[in-house]
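Peer 1: Next up is a structure, given as structure tokens.
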Amino acid sequence: MSSIAIIDLGTNTFHLLIAEINENRPKVIFQETIAVKLGEGGMKDGMITDLAFDRGVSAIRQFKTSIDHHGVFQIKAFATSALRSASNSKTFSEKIVKETGIKIEIIDGNREAELIFSGVRAAINMKDQTSLIMDIGGGSVEFIICDQDQIFWKKSFDIGAARLMDQYHKSDPISEANISELHSYLNSVLNDLNTQLGIHKPKQLIGSAGAFETFANMLDPEFKSGFKNPEFNIDLDQFEKISKFIIGSNHEERAVTAGIPAVRVDMIVVATLLTGYVLNLYPFKGLKLSTYSLKEGVLFEMID
């Protein structure tokens with residue numbers, strides 16, 4: 001039996017997953033998430049600020065302590081939108097190698113979408129039903145149209161929640177004017193998605209982890225995302241109700257709402273607006289959460 005560690009360096013959060021592999025079957029033995037906010041204060045300038053830089057290094061140091069404790073023999077670390085667009089990403093990666101020995105692979109949006117697909121199809125059996133997978137990150141959003149066996153279309157857009165919040169969440173609660181501006185912007189950048197929805201006609205929208213876990217936790221306080229509980233059906237009418245609350249709320253109201261973690265108290269507003277926008281683009285029959293995403297996709301790809 002051997003163990004592997006997978007690190008997902010996202011724009012908003014860093015994730016660590018440690019799993020034992022026995023006869024090609026994974027058993028997750030440790031998971032940790034740290035709110036790093038790597039893109040905070042630097043998304044517009046394309047640079048990781050000093051404070052965010054230090055938070056990121058500290059998080060990887062913490063992960064390395066856990067990795068050493070579990071006697072991991074192989075480490076895979078993947079970085080996404082914030083690091084692929086930051087001018088000082090090389091400096092950050094070099095600092096991580098120097099301090100921890102962990103080498104970071106910065107992947108492009110297409111590769112990120114492929115790994116998300118690998119994770120989601122391990123969580124949800126789509127069979128031959130065409131689905132749209134949506135992964136809302138802090139820096140980018142990946143859309144994948146697929147069934148259980150193949151990807152028909154995929155694309156990564158630099159419209160992550162941290163970017164949208166910086167640009168359009170100017171008041172709290174968010175104003176109608178800001179919402180209108182956001183919708184106009186999405187109209188201009190998501191033409192390709194709209195076209196592909198008309199071509200492939202997906203039956204359901206599958207949200208990958210992140211904000212969709214927040215929606216699930218708000219709807220069912222007993223829901224615990226994890227490796228043994230990888231999917232959750234989100235009723236569309238119920239989503240509409242929590243959507244109205246989130247969009248009409250202020251920071252203080254969201255902060256004391258059960259199911260909304262501290263790291264998503266503010267970004268959940270634009271993430272909700274983006275989800276609602278996509279649901280209005282096409283008449284989906286259902287909405288599901290997949291708790292598996294990129295890091296689980298790496299895990300199952302390694303096993304295969």
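Here, A, B, ... name the chains of the structure tokens in the order displayed, residue numbers run from 1 inside each chain, and ligands are numbered from 1 in the same displayed order.
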Would you list the contacts of Ile29 in chain A as a PyMOL selection string, taking every protein, DNA or RNA residue within 7 Å and counting only C-alpha atoms, but skipping same-chain residues closer than 6 positions in sequence?
Peer 2: chain A and resi 18-20
Peer 1: Give me, as a PyMOL selection string, the residues of range 188-285 of chain A that a backbone DSSP run labels strand (DSSP E or B).
Peer 2: chain A and resi 204-208+226+229+231-234
Peer 1: Could you take the residues named above and write them with N, CA and C atoms, as a tab-separated table (two decimals), in the first residue's frame?
Peer 2:
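In the end it all went to out_27.tsv:
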```
chain	number	residue	atom	x	y	z
A	204	GLN	N	-28.55	18.47	-17.82
A	204	GLN	CA	-28.36	18.91	-16.44
A	204	GLN	C	-27.09	19.76	-16.30
A	205	LEU	N	-27.10	20.61	-15.28
A	205	LEU	CA	-25.93	21.38	-14.91
A	205	LEU	C	-25.33	20.74	-13.66
A	206	ILE	N	-24.03	20.46	-13.72
A	206	ILE	CA	-23.33	19.88	-12.58
A	206	ILE	C	-22.31	20.91	-12.08
A	207	GLY	N	-22.48	21.36	-10.85
A	207	GLY	CA	-21.55	22.30	-10.25
A	207	GLY	C	-20.45	21.55	-9.51
A	208	SER	N	-19.23	21.91	-9.78
A	208	SER	CA	-18.09	21.22	-9.19
A	208	SER	C	-17.61	21.93	-7.93
A	226	GLY	N	-17.77	15.03	1.14
A	226	GLY	CA	-16.62	14.19	1.43
A	226	GLY	C	-16.47	13.10	0.39
A	229	ASN	N	-19.45	10.77	0.06
A	229	ASN	CA	-20.72	11.43	-0.22
A	229	ASN	C	-20.51	12.44	-1.34
A	231	GLU	N	-22.06	13.43	-4.18
A	231	GLU	CA	-23.03	14.18	-4.99
A	231	GLU	C	-24.23	14.62	-4.17
A	232	PHE	N	-24.90	15.64	-4.69
A	232	PHE	CA	-26.08	16.19	-4.00
A	232	PHE	C	-26.97	16.81	-5.05
A	233	ASN	N	-28.26	16.47	-5.01
A	233	ASN	CA	-29.24	17.07	-5.92
A	233	ASN	C	-29.71	18.41	-5.36
A	234	ILE	N	-29.60	19.45	-6.15
A	234	ILE	CA	-30.06	20.79	-5.74
A	234	ILE	C	-31.36	21.09	-6.49
```
Peer 1: Which of range 177-262 of chain A end up as helix (DSSP H, G or I) when DSSP is run on this backbone - answer as an MDAnalysis selection string?
Peer 2: chainID A and resid 177:189 191:200 211:219 236:248 251:255 262
Peer 1: Please save C-alpha atoms of the selected residues as a short mmCIF file (atom, residue, chain, number, x, y, z; two decimals), in the first residue's frame.
Peer 2:
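Here's the written file part37.cif:
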```cif
data_model
loop_
_atom_site.label_atom_id
_atom_site.label_comp_id
_atom_site.auth_asym_id
_atom_site.auth_seq_id
_atom_site.Cartn_x
_atom_site.Cartn_y
_atom_site.Cartn_z
CA ALA A 177 -26.87 48.57 -11.44
CA ASN A 178 -23.91 46.31 -10.59
CA ILE A 179 -25.97 43.21 -11.38
CA SER A 180 -26.95 44.69 -14.74
CA GLU A 181 -23.31 45.51 -15.51
CA LEU A 182 -22.27 41.97 -14.58
CA HIS A 183 -24.94 40.43 -16.81
CA SER A 184 -23.87 42.66 -19.72
CA TYR A 185 -20.27 41.56 -19.23
CA LEU A 186 -21.25 37.87 -19.14
CA ASN A 187 -23.31 38.37 -22.31
CA SER A 188 -20.17 39.62 -24.04
CA VAL A 189 -17.76 36.90 -22.87
CA ASN A 191 -21.02 33.71 -26.47
CA ASP A 192 -19.14 30.46 -27.08
CA LEU A 193 -20.89 28.77 -24.18
CA ASN A 194 -24.29 29.91 -25.40
CA THR A 195 -23.57 28.54 -28.90
CA GLN A 196 -22.36 25.17 -27.58
CA LEU A 197 -25.40 24.76 -25.34
CA GLY A 198 -27.58 25.07 -28.42
CA ILE A 199 -25.50 22.48 -30.27
CA HIS A 200 -25.15 19.82 -27.55
CA ALA A 211 -19.81 27.57 -4.31
CA PHE A 212 -22.06 24.60 -5.09
CA GLU A 213 -21.06 22.97 -1.79
CA THR A 214 -22.19 26.17 -0.10
CA PHE A 215 -25.58 25.93 -1.84
CA ALA A 216 -25.90 22.29 -0.70
CA ASN A 217 -24.97 23.15 2.89
CA MET A 218 -27.51 25.99 2.97
CA LEU A 219 -30.25 23.69 1.70
CA LEU A 236 -34.03 24.33 -8.85
CA ASP A 237 -36.88 26.04 -6.97
CA GLN A 238 -34.93 25.81 -3.71
CA PHE A 239 -31.87 27.26 -5.43
CA GLU A 240 -33.99 30.18 -6.58
CA LYS A 241 -35.00 30.88 -2.96
CA ILE A 242 -31.48 30.85 -1.53
CA SER A 243 -30.27 32.82 -4.55
CA LYS A 244 -32.69 35.66 -3.74
CA PHE A 245 -31.51 35.69 -0.14
CA ILE A 246 -27.79 35.73 -1.03
CA ILE A 247 -28.13 38.47 -3.65
CA GLY A 248 -30.27 40.64 -1.35
CA HIS A 251 -21.94 40.85 4.60
CA GLU A 252 -23.16 40.64 8.20
CA GLU A 253 -26.27 38.66 7.22
CA ARG A 254 -24.27 36.19 5.14
CA ALA A 255 -21.62 35.82 7.85
CA ALA A 262 -16.12 32.48 6.11
#
```
Peer 1: Can you pull out the residues contacting Ala79 in chain A? Cut-off 7 Å, using only C-alpha atoms, and skip same-chain residues under 5 positions away; I want them as a VMD selection string.
Peer 2: chain A and resid 8 to 10 104 to 107
Peer 1: So which residues touch range 117-133 of chain A within 8 Å, counting only C-alpha atoms, skipping near sequence neighbours fewer than 3 positions away, as a ChimeraX atom specification?
Peer 2: /A:113-114,142-149,151,200-208,230-231,290-298,300-301
Peer 1: Would you work out the distance separating CA of Ala77 in chain A from CA of Ile6 in chain A, expressed in Å to one decimal?
Peer 2: 5.8 Å
Peer 1: Counting only C-alpha atoms, figure out which residue out of A:Ile102, A:Ala162, A:Ala35, A:Leu83 gets nearest to Ile7 in chain A.
Peer 2: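 Answer, going by the shortest atom-to-atom distance: A:Ile102.
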